[in-house]
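Structure below is start_39.pdb: PDB, C-alpha atoms.
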```
ATOM      1  CA  MET A 166     132.282 109.733 129.626  1.00  0.00           C
ATOM      2  CA  GLY A 167     133.583 106.239 128.803  1.00  0.00           C
ATOM      3  CA  PHE A 168     133.175 104.468 125.464  1.00  0.00           C
ATOM      4  CA  LEU A 169     130.453 102.134 126.787  1.00  0.00           C
ATOM      5  CA  ASP A 170     128.560 105.051 128.312  1.00  0.00           C
ATOM      6  CA  LYS A 171     128.609 106.814 124.939  1.00  0.00           C
ATOM      7  CA  LEU A 172     127.635 103.619 123.129  1.00  0.00           C
ATOM      8  CA  PHE A 173     124.681 102.848 125.352  1.00  0.00           C
ATOM      9  CA  GLY A 174     123.742 106.450 126.212  1.00  0.00           C
ATOM     10  CA  ARG A 175     123.866 105.873 129.956  1.00  0.00           C
ATOM     11  CA  SER A 176     124.865 109.370 130.977  1.00  0.00           C
ATOM     12  CA  SER A 177     122.435 111.007 128.564  1.00  0.00           C
ATOM     13  CA  ASN A 178     119.521 108.917 129.832  1.00  0.00           C
ATOM     14  CA  HIS A 179     120.417 109.697 133.420  1.00  0.00           C
ATOM     15  CA  LYS A 180     120.449 113.420 132.715  1.00  0.00           C
ATOM     16  CA  GLU A 181     117.137 113.144 130.886  1.00  0.00           C
ATOM     17  CA  GLU A 182     115.527 111.417 133.875  1.00  0.00           C
ATOM     18  CA  GLN A 183     116.895 114.071 136.211  1.00  0.00           C
ATOM     19  CA  ALA A 184     115.609 116.872 133.979  1.00  0.00           C
ATOM     20  CA  MET A 185     112.059 115.531 133.651  1.00  0.00           C
ATOM     21  CA  GLU A 186     109.619 117.460 135.791  1.00  0.00           C
ATOM     22  CA  LYS A 187     107.242 115.737 138.165  1.00  0.00           C
ATOM     23  CA  VAL A 188     103.925 114.604 136.758  1.00  0.00           C
ATOM     24  CA  LYS A 189     101.248 117.146 137.621  1.00  0.00           C
ATOM     25  CA  LEU A 190      98.037 115.427 138.738  1.00  0.00           C
ATOM     26  CA  ALA A 191      94.654 117.036 139.364  1.00  0.00           C
ATOM     27  CA  VAL A 192      92.309 114.925 141.491  1.00  0.00           C
ATOM     28  CA  ILE A 193      88.847 116.298 140.744  1.00  0.00           C
ATOM     29  CA  TYR A 194      85.971 115.107 142.884  1.00  0.00           C
ATOM     30  CA  TYR A 195      82.329 115.751 143.589  1.00  0.00           C
ATOM     31  CA  SER A 196      80.930 114.507 146.881  1.00  0.00           C
ATOM     32  CA  SER A 197      77.733 115.261 148.739  1.00  0.00           C
ATOM     33  CA  THR A 198      78.356 113.279 151.913  1.00  0.00           C
ATOM     34  CA  GLY A 199      82.079 112.478 151.835  1.00  0.00           C
ATOM     35  CA  THR A 200      82.703 109.140 150.112  1.00  0.00           C
ATOM     36  CA  ASN A 201      84.326 110.516 146.981  1.00  0.00           C
ATOM     37  CA  TYR A 202      86.187 113.145 148.977  1.00  0.00           C
ATOM     38  CA  GLN A 203      87.806 110.317 150.953  1.00  0.00           C
ATOM     39  CA  MET A 204      88.631 108.460 147.746  1.00  0.00           C
ATOM     40  CA  ALA A 205      90.173 111.645 146.337  1.00  0.00           C
ATOM     41  CA  LYS A 206      92.375 111.974 149.419  1.00  0.00           C
ATOM     42  CA  TRP A 207      93.523 108.365 149.082  1.00  0.00           C
ATOM     43  CA  ALA A 208      94.318 109.040 145.424  1.00  0.00           C
ATOM     44  CA  GLU A 209      96.354 112.049 146.521  1.00  0.00           C
ATOM     45  CA  GLU A 210      98.364 109.858 148.910  1.00  0.00           C
ATOM     46  CA  GLY A 211      99.009 107.223 146.247  1.00  0.00           C
ATOM     47  CA  ALA A 212     100.035 109.771 143.631  1.00  0.00           C
ATOM     48  CA  LYS A 213     102.378 111.614 145.971  1.00  0.00           C
ATOM     49  CA  ALA A 214     103.996 108.308 146.892  1.00  0.00           C
ATOM     50  CA  ALA A 215     104.625 107.842 143.167  1.00  0.00           C
ATOM     51  CA  GLY A 216     106.352 111.225 143.015  1.00  0.00           C
ATOM     52  CA  ALA A 217     103.597 113.389 141.527  1.00  0.00           C
ATOM     53  CA  ASP A 218     102.753 117.018 142.223  1.00  0.00           C
ATOM     54  CA  VAL A 219      99.078 116.795 143.242  1.00  0.00           C
ATOM     55  CA  LYS A 220      96.115 119.155 143.516  1.00  0.00           C
ATOM     56  CA  VAL A 221      92.818 118.022 145.049  1.00  0.00           C
ATOM     57  CA  VAL A 222      89.957 120.199 143.833  1.00  0.00           C
ATOM     58  CA  LYS A 223      86.186 119.903 144.031  1.00  0.00           C
ATOM     59  CA  VAL A 224      83.475 120.405 141.459  1.00  0.00           C
ATOM     60  CA  PRO A 225      81.305 123.412 142.424  1.00  0.00           C
ATOM     61  CA  GLU A 226      78.040 122.594 144.144  1.00  0.00           C
ATOM     62  CA  THR A 227      74.974 123.690 142.181  1.00  0.00           C
ATOM     63  CA  ALA A 228      72.224 122.153 144.312  1.00  0.00           C
ATOM     64  CA  PRO A 229      69.924 124.626 146.055  1.00  0.00           C
ATOM     65  CA  GLN A 230      70.769 125.386 149.667  1.00  0.00           C
ATOM     66  CA  SER A 231      67.368 124.071 150.725  1.00  0.00           C
ATOM     67  CA  ALA A 232      68.271 120.618 149.362  1.00  0.00           C
ATOM     68  CA  ILE A 233      71.614 120.652 151.160  1.00  0.00           C
ATOM     69  CA  ASP A 234      70.035 121.791 154.434  1.00  0.00           C
ATOM     70  CA  SER A 235      67.463 118.995 154.255  1.00  0.00           C
ATOM     71  CA  ASN A 236      70.222 116.358 154.532  1.00  0.00           C
ATOM     72  CA  PRO A 237      72.337 116.686 157.714  1.00  0.00           C
ATOM     73  CA  ALA A 238      75.205 114.591 156.297  1.00  0.00           C
ATOM     74  CA  TRP A 239      75.297 116.656 153.111  1.00  0.00           C
ATOM     75  CA  LYS A 240      75.198 119.909 155.031  1.00  0.00           C
ATOM     76  CA  ALA A 241      77.965 118.738 157.373  1.00  0.00           C
ATOM     77  CA  HIS A 242      80.207 117.671 154.492  1.00  0.00           C
ATOM     78  CA  VAL A 243      79.788 120.978 152.675  1.00  0.00           C
ATOM     79  CA  GLU A 244      80.900 122.757 155.829  1.00  0.00           C
ATOM     80  CA  GLU A 245      83.783 120.329 156.384  1.00  0.00           C
ATOM     81  CA  THR A 246      85.208 120.889 152.900  1.00  0.00           C
ATOM     82  CA  LYS A 247      84.489 124.606 152.510  1.00  0.00           C
ATOM     83  CA  ASN A 248      88.223 125.356 152.257  1.00  0.00           C
ATOM     84  CA  VAL A 249      88.897 122.857 149.471  1.00  0.00           C
ATOM     85  CA  PRO A 250      89.448 124.880 146.292  1.00  0.00           C
ATOM     86  CA  GLU A 251      86.948 124.566 143.456  1.00  0.00           C
ATOM     87  CA  VAL A 252      88.195 123.221 140.140  1.00  0.00           C
ATOM     88  CA  THR A 253      88.850 125.686 137.332  1.00  0.00           C
ATOM     89  CA  LEU A 254      89.748 125.301 133.682  1.00  0.00           C
ATOM     90  CA  ASN A 255      93.266 126.378 134.639  1.00  0.00           C
ATOM     91  CA  ASP A 256      93.588 123.195 136.698  1.00  0.00           C
ATOM     92  CA  LEU A 257      92.822 121.084 133.629  1.00  0.00           C
ATOM     93  CA  GLU A 258      95.353 122.949 131.525  1.00  0.00           C
ATOM     94  CA  TRP A 259      97.984 122.673 134.286  1.00  0.00           C
ATOM     95  CA  ALA A 260      97.609 118.921 134.751  1.00  0.00           C
ATOM     96  CA  ASP A 261      99.442 116.159 132.923  1.00  0.00           C
ATOM     97  CA  ALA A 262      96.986 113.681 134.421  1.00  0.00           C
ATOM     98  CA  ILE A 263      93.503 113.849 135.930  1.00  0.00           C
ATOM     99  CA  ILE A 264      91.643 111.493 138.244  1.00  0.00           C
ATOM    100  CA  PHE A 265      87.902 111.985 138.676  1.00  0.00           C
ATOM    101  CA  SER A 266      86.025 110.642 141.691  1.00  0.00           C
ATOM    102  CA  VAL A 267      82.261 111.135 141.534  1.00  0.00           C
ATOM    103  CA  PRO A 268      79.137 109.315 142.732  1.00  0.00           C
ATOM    104  CA  THR A 269      76.612 107.781 140.374  1.00  0.00           C
ATOM    105  CA  ARG A 270      73.290 109.424 139.550  1.00  0.00           C
ATOM    106  CA  PHE A 271      70.964 107.023 137.734  1.00  0.00           C
ATOM    107  CA  GLY A 272      73.933 105.304 136.088  1.00  0.00           C
ATOM    108  CA  ASN A 273      75.524 108.560 135.025  1.00  0.00           C
ATOM    109  CA  MET A 274      77.746 111.302 136.394  1.00  0.00           C
ATOM    110  CA  PRO A 275      76.120 113.917 138.663  1.00  0.00           C
ATOM    111  CA  GLY A 276      74.720 117.019 136.987  1.00  0.00           C
ATOM    112  CA  GLN A 277      77.297 119.144 138.785  1.00  0.00           C
ATOM    113  CA  VAL A 278      80.108 117.264 137.057  1.00  0.00           C
ATOM    114  CA  LYS A 279      78.424 117.347 133.640  1.00  0.00           C
ATOM    115  CA  GLN A 280      77.915 121.080 133.995  1.00  0.00           C
ATOM    116  CA  PHE A 281      81.628 121.577 134.655  1.00  0.00           C
ATOM    117  CA  LEU A 282      82.676 119.331 131.752  1.00  0.00           C
ATOM    118  CA  ASP A 283      80.394 121.322 129.460  1.00  0.00           C
ATOM    119  CA  THR A 284      82.572 124.391 130.117  1.00  0.00           C
ATOM    120  CA  THR A 285      85.705 122.733 128.709  1.00  0.00           C
ATOM    121  CA  GLY A 286      84.858 123.382 125.057  1.00  0.00           C
ATOM    122  CA  GLY A 287      87.384 126.179 124.679  1.00  0.00           C
ATOM    123  CA  LEU A 288      90.255 124.067 125.968  1.00  0.00           C
ATOM    124  CA  TRP A 289      89.138 121.182 123.771  1.00  0.00           C
ATOM    125  CA  PHE A 290      88.896 123.407 120.688  1.00  0.00           C
ATOM    126  CA  HIS A 291      92.473 124.598 121.150  1.00  0.00           C
ATOM    127  CA  GLY A 292      93.795 121.064 121.746  1.00  0.00           C
ATOM    128  CA  LYS A 293      94.669 121.786 125.367  1.00  0.00           C
ATOM    129  CA  LEU A 294      93.057 118.550 126.649  1.00  0.00           C
ATOM    130  CA  ALA A 295      94.600 116.152 124.143  1.00  0.00           C
ATOM    131  CA  ASN A 296      96.964 113.531 125.570  1.00  0.00           C
ATOM    132  CA  LYS A 297      95.981 114.193 129.167  1.00  0.00           C
ATOM    133  CA  VAL A 298      96.116 110.888 131.045  1.00  0.00           C
ATOM    134  CA  VAL A 299      92.792 110.335 132.800  1.00  0.00           C
ATOM    135  CA  SER A 300      91.220 107.825 135.151  1.00  0.00           C
ATOM    136  CA  ALA A 301      87.968 107.684 137.113  1.00  0.00           C
ATOM    137  CA  MET A 302      86.418 106.287 140.299  1.00  0.00           C
ATOM    138  CA  THR A 303      82.874 106.204 141.638  1.00  0.00           C
ATOM    139  CA  SER A 304      80.465 105.077 144.350  1.00  0.00           C
ATOM    140  CA  ALA A 305      76.853 103.894 144.596  1.00  0.00           C
ATOM    141  CA  GLN A 306      74.494 102.397 147.163  1.00  0.00           C
ATOM    142  CA  ASN A 307      74.906  98.877 145.751  1.00  0.00           C
ATOM    143  CA  PRO A 308      77.283  97.032 143.390  1.00  0.00           C
ATOM    144  CA  HIS A 309      74.777  97.175 140.512  1.00  0.00           C
ATOM    145  CA  GLY A 310      73.759 100.779 141.087  1.00  0.00           C
ATOM    146  CA  GLY A 311      75.432 102.120 137.967  1.00  0.00           C
ATOM    147  CA  GLN A 312      79.077 102.103 139.025  1.00  0.00           C
ATOM    148  CA  GLU A 313      80.562 100.875 135.748  1.00  0.00           C
ATOM    149  CA  ALA A 314      78.165 102.967 133.640  1.00  0.00           C
ATOM    150  CA  THR A 315      79.097 106.116 135.559  1.00  0.00           C
ATOM    151  CA  ILE A 316      82.811 105.641 134.948  1.00  0.00           C
ATOM    152  CA  LEU A 317      82.195 104.881 131.280  1.00  0.00           C
ATOM    153  CA  SER A 318      80.070 108.035 130.961  1.00  0.00           C
ATOM    154  CA  LEU A 319      83.060 110.054 132.146  1.00  0.00           C
ATOM    155  CA  TYR A 320      85.377 108.259 129.746  1.00  0.00           C
ATOM    156  CA  THR A 321      83.075 109.099 126.828  1.00  0.00           C
ATOM    157  CA  SER A 322      83.831 112.788 127.372  1.00  0.00           C
ATOM    158  CA  MET A 323      87.518 112.002 127.748  1.00  0.00           C
ATOM    159  CA  TYR A 324      87.579 110.266 124.354  1.00  0.00           C
ATOM    160  CA  HIS A 325      86.246 113.463 122.809  1.00  0.00           C
ATOM    161  CA  TRP A 326      89.065 115.349 124.515  1.00  0.00           C
ATOM    162  CA  GLY A 327      91.626 113.051 122.920  1.00  0.00           C
ATOM    163  CA  ALA A 328      92.739 112.025 126.390  1.00  0.00           C
ATOM    164  CA  ILE A 329      94.477 108.747 127.229  1.00  0.00           C
ATOM    165  CA  VAL A 330      92.421 106.590 129.588  1.00  0.00           C
ATOM    166  CA  ALA A 331      94.496 104.753 132.195  1.00  0.00           C
ATOM    167  CA  SER A 332      92.045 102.299 133.718  1.00  0.00           C
ATOM    168  CA  PRO A 333      93.359 100.002 136.455  1.00  0.00           C
ATOM    169  CA  GLY A 334      92.237  96.859 134.643  1.00  0.00           C
ATOM    170  CA  TYR A 335      93.478  93.842 136.580  1.00  0.00           C
ATOM    171  CA  THR A 336      97.032  95.105 136.891  1.00  0.00           C
ATOM    172  CA  ASP A 337      97.174  94.384 140.623  1.00  0.00           C
ATOM    173  CA  PRO A 338      95.384  91.888 142.921  1.00  0.00           C
ATOM    174  CA  VAL A 339      94.026  94.785 145.012  1.00  0.00           C
ATOM    175  CA  THR A 340      91.409  95.322 142.299  1.00  0.00           C
ATOM    176  CA  PHE A 341      89.789  91.986 143.122  1.00  0.00           C
ATOM    177  CA  ALA A 342      89.698  92.741 146.839  1.00  0.00           C
ATOM    178  CA  ALA A 343      87.948  96.034 146.076  1.00  0.00           C
ATOM    179  CA  GLY A 344      85.157  94.451 144.039  1.00  0.00           C
ATOM    180  CA  GLY A 345      86.887  93.790 140.726  1.00  0.00           C
ATOM    181  CA  ASN A 346      85.909  96.813 138.626  1.00  0.00           C
ATOM    182  CA  PRO A 347      88.482  97.068 135.786  1.00  0.00           C
ATOM    183  CA  TYR A 348      87.227 100.466 134.586  1.00  0.00           C
ATOM    184  CA  GLY A 349      88.081 102.241 137.826  1.00  0.00           C
ATOM    185  CA  THR A 350      87.784 101.738 141.561  1.00  0.00           C
ATOM    186  CA  SER A 351      84.174 101.740 142.727  1.00  0.00           C
ATOM    187  CA  VAL A 352      82.671 101.262 146.144  1.00  0.00           C
ATOM    188  CA  SER A 353      79.253 100.498 147.578  1.00  0.00           C
ATOM    189  CA  VAL A 354      77.953 102.699 150.401  1.00  0.00           C
ATOM    190  CA  ASN A 355      75.420 101.433 152.939  1.00  0.00           C
ATOM    191  CA  GLN A 356      72.468 103.284 154.431  1.00  0.00           C
ATOM    192  CA  ASP A 357      74.704 104.639 157.198  1.00  0.00           C
ATOM    193  CA  GLY A 358      77.055 106.225 154.665  1.00  0.00           C
ATOM    194  CA  LYS A 359      79.840 103.705 155.305  1.00  0.00           C
ATOM    195  CA  MET A 360      81.894 102.088 152.548  1.00  0.00           C
ATOM    196  CA  VAL A 361      81.144  98.368 152.213  1.00  0.00           C
ATOM    197  CA  GLU A 362      84.296  97.269 150.362  1.00  0.00           C
ATOM    198  CA  ASP A 363      87.824  98.155 151.455  1.00  0.00           C
ATOM    199  CA  VAL A 364      89.016 100.143 148.447  1.00  0.00           C
ATOM    200  CA  GLN A 365      91.852 102.219 149.904  1.00  0.00           C
ATOM    201  CA  ASP A 366      94.653 100.114 148.402  1.00  0.00           C
ATOM    202  CA  ALA A 367      92.859  99.903 145.050  1.00  0.00           C
ATOM    203  CA  VAL A 368      92.486 103.678 144.912  1.00  0.00           C
ATOM    204  CA  LYS A 369      96.164 104.172 145.680  1.00  0.00           C
ATOM    205  CA  HIS A 370      97.153 101.621 143.044  1.00  0.00           C
ATOM    206  CA  GLN A 371      94.952 103.347 140.471  1.00  0.00           C
ATOM    207  CA  ALA A 372      96.545 106.696 141.320  1.00  0.00           C
ATOM    208  CA  LYS A 373     100.061 105.287 141.033  1.00  0.00           C
ATOM    209  CA  ARG A 374      99.224 103.628 137.718  1.00  0.00           C
ATOM    210  CA  THR A 375      97.800 106.908 136.379  1.00  0.00           C
ATOM    211  CA  VAL A 376     100.975 108.745 137.372  1.00  0.00           C
ATOM    212  CA  THR A 377     103.147 106.029 135.804  1.00  0.00           C
ATOM    213  CA  VAL A 378     101.307 106.192 132.475  1.00  0.00           C
ATOM    214  CA  ALA A 379     101.519 109.996 132.583  1.00  0.00           C
ATOM    215  CA  GLU A 380     105.282 109.705 133.109  1.00  0.00           C
ATOM    216  CA  TRP A 381     105.553 107.563 129.979  1.00  0.00           C
ATOM    217  CA  VAL A 382     103.570 110.103 127.971  1.00  0.00           C
ATOM    218  CA  LYS A 383     105.471 113.061 129.394  1.00  0.00           C
ATOM    219  CA  LYS A 384     108.823 111.427 128.690  1.00  0.00           C
ATOM    220  CA  GLY A 385     107.743 110.556 125.157  1.00  0.00           C
ATOM    221  CA  ASN A 386     106.830 114.171 124.498  1.00  0.00           C
ATOM    222  CA  GLN A 387     110.226 115.542 125.610  1.00  0.00           C
TER     223      GLN A 387
END
```
What is this structure when it is put down as C-alpha cells?
Amino acid sequence: MGFLDKLFGRSSNHKEEQAMEKVKLAVIYYSSTGTNYQMAKWAEEGAKAAGADVKVVKVPETAPQSAIDSNPAWKAHVEETKNVPEVTLNDLEWADAIIFSVPTRFGNMPGQVKQFLDTTGGLWFHGKLANKVVSAMTSAQNPHGGQEATILSLYTSMYHWGAIVASPGYTDPVTFAAGGNPYGTSVSVNQDGKMVEDVQDAVKHQAKRTVTVAEWVKKGNQ
C-alpha cells in the first residue's frame, strides 16, 4: 500500500465496500384484486437493480371466503397469487429495509395489514425493529380517496418501531409524473381495475431510494 493510499484510506475503504453484505429488502403487500401486487413486483425490480436481496411476501387474507367468492376479480387474484409466501415475523427481523404496498380502506390501512402489524409487539419490545428503513405505497379509486392518509397511518406504526422512514419526497421528477405524492407512490384505480396514472418508474425510484438509504444505515452500523 502506497503512502497516499494509507493517508487517504483508499484500500481500507475499498475492502469495506467489498465486505458489506447486500441490503436485505422485504416488500410486503396486501392486494385484493392485483394493483398492489403489481406495485410490489415493480418495487422488487427496482430494488434488485439497486443490488438488493429481495423477498416479496403477502399479508395473510382474513376476509371470509364468501366475500372473496362474491367478487370475481378478488377470487381470481387470490388464485393467481396462491404461491406467493405469506409474511412472517421472521421476514421483518431478516430485513434491513421494508416497503409496504397496501390499498386504502376509509383513509386507513386495510384491517388485514393492521392485524399483522399488531403481532409485531415482541419484535418491537426486544428492539428488533429499530433502525429498519421503511417506505410505503398505496392505491385508491380516486386521488382524494385517502392515499396520503393511508401511507401516513402506516408510518405512524413505523415511528413506534423506531424505524427510519425513507419517503420519496421530490427526489426525482418521476414523482410528479406519477401524481406528486411525496409520502410514497400512490395510484388511482378506475372502475375497471386499471391504474389511471403511470407509476411504474416512480415505484422503482422509491425502491432504489429505500435501498440506498438502507445502505447508508447498514454501512454506518458496521
### Query
Just how far from atom CA of Lys383 of chain A is atom CA of Gln365 of chain A, in Å to one decimal?
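Here the two named atoms are 26.9 Å from each other.
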### Task
Kindly resolve the PyMOL selection byres ((chain A and resi 340-351) around 9) on the present coordinates and return the residues as a PyMOL selection string.
chain A and resi 300-305+308+312-313+316-317+331-339+352-353+362-368+370-371
### Resolved residues for the PyMOL selection byres ((chain A and resi 189-197) around 7) as an NGL selection string
:A and (187-188 or 198-202 or 205 or 217-224 or 239 or 242 or 252 or 256 or 260-268)
### Task
Using the chain letters and residue numbers of this document, give as a ChimeraX atom specification the residues selected by the PyMOL selection byres ((chain A and resi 321) around 12).
/A:273-274,279,282,299-301,314-320,322-330
Can you write out the residues you just picked, keeping C-alpha atoms, as an mmCIF file, in the frame of the given file?
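What follows is the written file again13.cif:
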```cif
data_model
loop_
_atom_site.group_PDB
_atom_site.id
_atom_site.type_symbol
_atom_site.label_atom_id
_atom_site.label_comp_id
_atom_site.auth_asym_id
_atom_site.auth_seq_id
_atom_site.Cartn_x
_atom_site.Cartn_y
_atom_site.Cartn_z
ATOM 1 C CA ASN A 273 75.524 108.560 135.025
ATOM 2 C CA MET A 274 77.746 111.302 136.394
ATOM 3 C CA LYS A 279 78.424 117.347 133.640
ATOM 4 C CA LEU A 282 82.676 119.331 131.752
ATOM 5 C CA VAL A 299 92.792 110.335 132.800
ATOM 6 C CA SER A 300 91.220 107.825 135.151
ATOM 7 C CA ALA A 301 87.968 107.684 137.113
ATOM 8 C CA ALA A 314 78.165 102.967 133.640
ATOM 9 C CA THR A 315 79.097 106.116 135.559
ATOM 10 C CA ILE A 316 82.811 105.641 134.948
ATOM 11 C CA LEU A 317 82.195 104.881 131.280
ATOM 12 C CA SER A 318 80.070 108.035 130.961
ATOM 13 C CA LEU A 319 83.060 110.054 132.146
ATOM 14 C CA TYR A 320 85.377 108.259 129.746
ATOM 15 C CA SER A 322 83.831 112.788 127.372
ATOM 16 C CA MET A 323 87.518 112.002 127.748
ATOM 17 C CA TYR A 324 87.579 110.266 124.354
ATOM 18 C CA HIS A 325 86.246 113.463 122.809
ATOM 19 C CA TRP A 326 89.065 115.349 124.515
ATOM 20 C CA GLY A 327 91.626 113.051 122.920
ATOM 21 C CA ALA A 328 92.739 112.025 126.390
ATOM 22 C CA ILE A 329 94.477 108.747 127.229
ATOM 23 C CA VAL A 330 92.421 106.590 129.588
#
```
### Task
Compile the contact shell of Thr227 of chain A as a VMD selection string: residues with an atom at most 10 Å away, counting all atoms listed in the file, same-chain residues fewer than 2 positions apart removed.
chain A and resid 224 to 225 229 to 230 276 to 278 280
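Picture a line from atom CA of Val354 of chain A to atom CA of Gln306 of chain A; it runs 4.7 Å.
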Work out where the centre of an axis-aligned box around every listed atom of segment 316-323 of chain A lies and how long its edges are once 5 Å is added on each side; give both in Å to one decimal as lines of an AutoDock Vina configuration file.
```
center_x = 83.8
center_y = 108.8
center_z = 130.9
size_x = 17.4
size_y = 17.9
size_z = 18.1
```
### Query
Could you work out how far atom CA of Lys206 of chain A lies from atom CA of Pro250 of chain A, giving the answer in Å with one decimal?
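About the pair atom CA of Pro250 of chain A and atom CA of Lys206 of chain A: they are 13.6 Å apart.
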### Message
I'd like the neighbourhood of segment 289-293 of chain A as JSON, numbers by chain, where a residue qualifies if any of its atoms comes within 9 Å (using all atoms listed in the file), though same-chain residues fewer than 2 positions away should be ignored.
### Response
{"A": [257, 258, 285, 286, 287, 295, 296, 297, 325, 326, 327]}
